[in-house]
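The block underneath contains the structure these notes are about, expressed in structure tokens.
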Amino acid sequence: MTEFDRDAIQARLTTCTSKEATFKELVSLSKQLERLSDADKTDEHKVKGCESAVWLIEQQDNGICTFQADSDAKLMRGVLVVILSLANGRSKAELQAMDLAAELSQFNLSSYLTSSRTNGILGILKQIQA
């Protein structure tokens, strides 16, 4: 499983000065996300409320959460890399105590996030914290 460096990802995205640059960076980041198998793309793992199809799988080992995710949309896959850089390697208590939406806002994604995409992302964050 790929580990994502939050600080490196944040540095890459915060240097984007236009919507097009953010788009290109998210597509580039999307290539880092390992694809889920068709067997893992079940209704049980599908995140409700997303504009694109998104699947999220949580695993815990000694109280530490690791998430795998996938989407049928490249841009959302890039956003998932950002989200996983925030969530992976933390305990459930840490995740529940975090303001993941505020953390995510530090990545310069506002030009990309339409209201419908924002609602889907909030659904992903809620599922991570459940």
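We name chains A, B, ... following the order of the structure tokens; residues begin at 1 in each chain, and ligands are numbered from 1 as shown.
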
Alpha helix (DSSP H) per DSSP on the backbone: members of stretch 58-103 of chain A, as a list in words: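 Written out, the alpha helix (DSSP H) residues of stretch 58-103 of chain A are Lys74, Leu75, Met76, Arg77, Gly78, Val79, Leu80, Val81, Val82, Ile83, Leu84, Ser85, Leu86, Ala87, Lys92, Ala93, Glu94, Leu95, Gln96, Ala97, Leu100, Ala101, Ala102 and Glu103 of chain A.
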
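Near A:His45, within 9 Å and counting only C-alpha atoms, sit Asp40, Lys41, Val54, Trp55, Leu56, Ile57 and Glu58 of chain A, not including residues fewer than 4 positions from it in the same chain.
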
Output the selection as a PDB file, in the first residue's frame - C-alpha atoms for each residue.
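The new file result_35.pdb reads:
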ATOM      1  CA  ASP A  40     -13.600  -4.543  -3.451  1.00  0.00           C
ATOM      2  CA  LYS A  41     -15.880  -2.167  -5.354  1.00  0.00           C
ATOM      3  CA  VAL A  54     -16.105   6.400  -4.688  1.00  0.00           C
ATOM      4  CA  TRP A  55     -15.205   3.331  -2.662  1.00  0.00           C
ATOM      5  CA  LEU A  56     -13.541   3.475   0.759  1.00  0.00           C
ATOM      6  CA  ILE A  57     -12.161   0.531   2.725  1.00  0.00           C
ATOM      7  CA  GLU A  58     -10.962   0.867   6.310  1.00  0.00           C
TER       8      GLU A  58
END

Just how far from atom CA of A:Ala93 is atom CA of A:Cys65, in Å to one decimal?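 Between atom CA of A:Cys65 and atom CA of A:Ala93 the gap works out to 10.0 Å.
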
From the list A:Ala130, A:Val27, A:Ala11, A:Leu109, which residue is nearest A:Arg77 when using only C-alpha atoms?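 Ranked by minimum distance to A:Arg77, first place goes to A:Val27.
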
Best match for closeness to A:Glu103 among A:Ala21, A:Ala87, A:Asp38, A:Leu80, counting only C-alpha atoms: A:Ala87

Nearest candidate to A:Glu34 (options A:Asn119, A:Ser52, A:Gln68, A:Asn62; using only C-alpha atoms): A:Gln68

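Among the candidates A:Leu33, A:Leu95, A:Phe4, A:Val82, the residue lying nearest to A:Asn108 is A:Val82 (atoms considered: only C-alpha atoms).
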
If DSSP is run on the backbone, what residues of chain A are strand (DSSP E)? A reply as a VMD selection string would be ideal. chain A and resid 54 to 61 64 to 71 90 to 91

Let me see the file: selected residues, N, CA and C atoms, as a PDB file, in the first residue's frame.
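Produced file out.pdb, reproduced below:
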ATOM      1  N   VAL A  54     -17.258   6.443  -5.592  1.00  0.00           N
ATOM      2  CA  VAL A  54     -16.105   6.400  -4.688  1.00  0.00           C
ATOM      3  C   VAL A  54     -16.285   5.219  -3.750  1.00  0.00           C
ATOM      4  N   TRP A  55     -15.202   4.459  -3.591  1.00  0.00           N
ATOM      5  CA  TRP A  55     -15.205   3.331  -2.662  1.00  0.00           C
ATOM      6  C   TRP A  55     -14.130   3.583  -1.613  1.00  0.00           C
ATOM      7  N   LEU A  56     -14.448   3.248  -0.364  1.00  0.00           N
ATOM      8  CA  LEU A  56     -13.541   3.475   0.759  1.00  0.00           C
ATOM      9  C   LEU A  56     -13.525   2.225   1.637  1.00  0.00           C
ATOM     10  N   ILE A  57     -12.333   1.715   1.885  1.00  0.00           N
ATOM     11  CA  ILE A  57     -12.161   0.531   2.725  1.00  0.00           C
ATOM     12  C   ILE A  57     -11.273   0.908   3.902  1.00  0.00           C
ATOM     13  N   GLU A  58     -11.736   0.589   5.093  1.00  0.00           N
ATOM     14  CA  GLU A  58     -10.962   0.867   6.310  1.00  0.00           C
ATOM     15  C   GLU A  58     -10.419  -0.431   6.871  1.00  0.00           C
ATOM     16  N   GLN A  59      -9.152  -0.392   7.253  1.00  0.00           N
ATOM     17  CA  GLN A  59      -8.528  -1.513   7.963  1.00  0.00           C
ATOM     18  C   GLN A  59      -7.898  -0.946   9.226  1.00  0.00           C
ATOM     19  N   GLN A  60      -7.943  -1.743  10.299  1.00  0.00           N
ATOM     20  CA  GLN A  60      -7.299  -1.319  11.543  1.00  0.00           C
ATOM     21  C   GLN A  60      -6.305  -2.384  11.971  1.00  0.00           C
ATOM     22  N   ASP A  61      -5.145  -1.918  12.391  1.00  0.00           N
ATOM     23  CA  ASP A  61      -4.108  -2.806  12.895  1.00  0.00           C
ATOM     24  C   ASP A  61      -3.559  -2.177  14.168  1.00  0.00           C
ATOM     25  N   ILE A  64      -4.596   1.403  14.722  1.00  0.00           N
ATOM     26  CA  ILE A  64      -4.220   2.401  13.715  1.00  0.00           C
ATOM     27  C   ILE A  64      -5.011   2.144  12.440  1.00  0.00           C
ATOM     28  N   CYS A  65      -5.613   3.192  11.920  1.00  0.00           N
ATOM     29  CA  CYS A  65      -6.466   3.078  10.730  1.00  0.00           C
ATOM     30  C   CYS A  65      -5.657   3.281   9.450  1.00  0.00           C
ATOM     31  N   THR A  66      -5.968   2.458   8.482  1.00  0.00           N
ATOM     32  CA  THR A  66      -5.434   2.608   7.139  1.00  0.00           C
ATOM     33  C   THR A  66      -6.609   2.499   6.185  1.00  0.00           C
ATOM     34  N   PHE A  67      -6.663   3.418   5.254  1.00  0.00           N
ATOM     35  CA  PHE A  67      -7.760   3.449   4.297  1.00  0.00           C
ATOM     36  C   PHE A  67      -7.230   3.210   2.889  1.00  0.00           C
ATOM     37  N   GLN A  68      -8.027   2.493   2.129  1.00  0.00           N
ATOM     38  CA  GLN A  68      -7.814   2.357   0.698  1.00  0.00           C
ATOM     39  C   GLN A  68      -9.031   2.983   0.040  1.00  0.00           C
ATOM     40  N   ALA A  69      -8.829   3.620  -1.086  1.00  0.00           N
ATOM     41  CA  ALA A  69      -9.946   4.280  -1.748  1.00  0.00           C
ATOM     42  C   ALA A  69      -9.726   4.238  -3.252  1.00  0.00           C
ATOM     43  N   ASP A  70     -10.821   4.402  -3.964  1.00  0.00           N
ATOM     44  CA  ASP A  70     -10.762   4.444  -5.417  1.00  0.00           C
ATOM     45  C   ASP A  70     -11.985   5.214  -5.914  1.00  0.00           C
ATOM     46  N   SER A  71     -11.898   5.682  -7.130  1.00  0.00           N
ATOM     47  CA  SER A  71     -13.013   6.389  -7.762  1.00  0.00           C
ATOM     48  C   SER A  71     -12.962   6.142  -9.255  1.00  0.00           C
ATOM     49  N   ARG A  90      -3.498   7.037  11.606  1.00  0.00           N
ATOM     50  CA  ARG A  90      -4.029   7.651  12.831  1.00  0.00           C
ATOM     51  C   ARG A  90      -4.999   6.688  13.502  1.00  0.00           C
ATOM     52  N   SER A  91      -5.183   6.874  14.789  1.00  0.00           N
ATOM     53  CA  SER A  91      -6.178   6.078  15.514  1.00  0.00           C
ATOM     54  C   SER A  91      -7.563   6.645  15.221  1.00  0.00           C
TER      55      SER A  91
END

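Proximity of A:Gln106, A:Gly78, A:Gly49, A:Glu20 to A:Lys126, computed with only C-alpha atoms, is greatest for A:Gly49.
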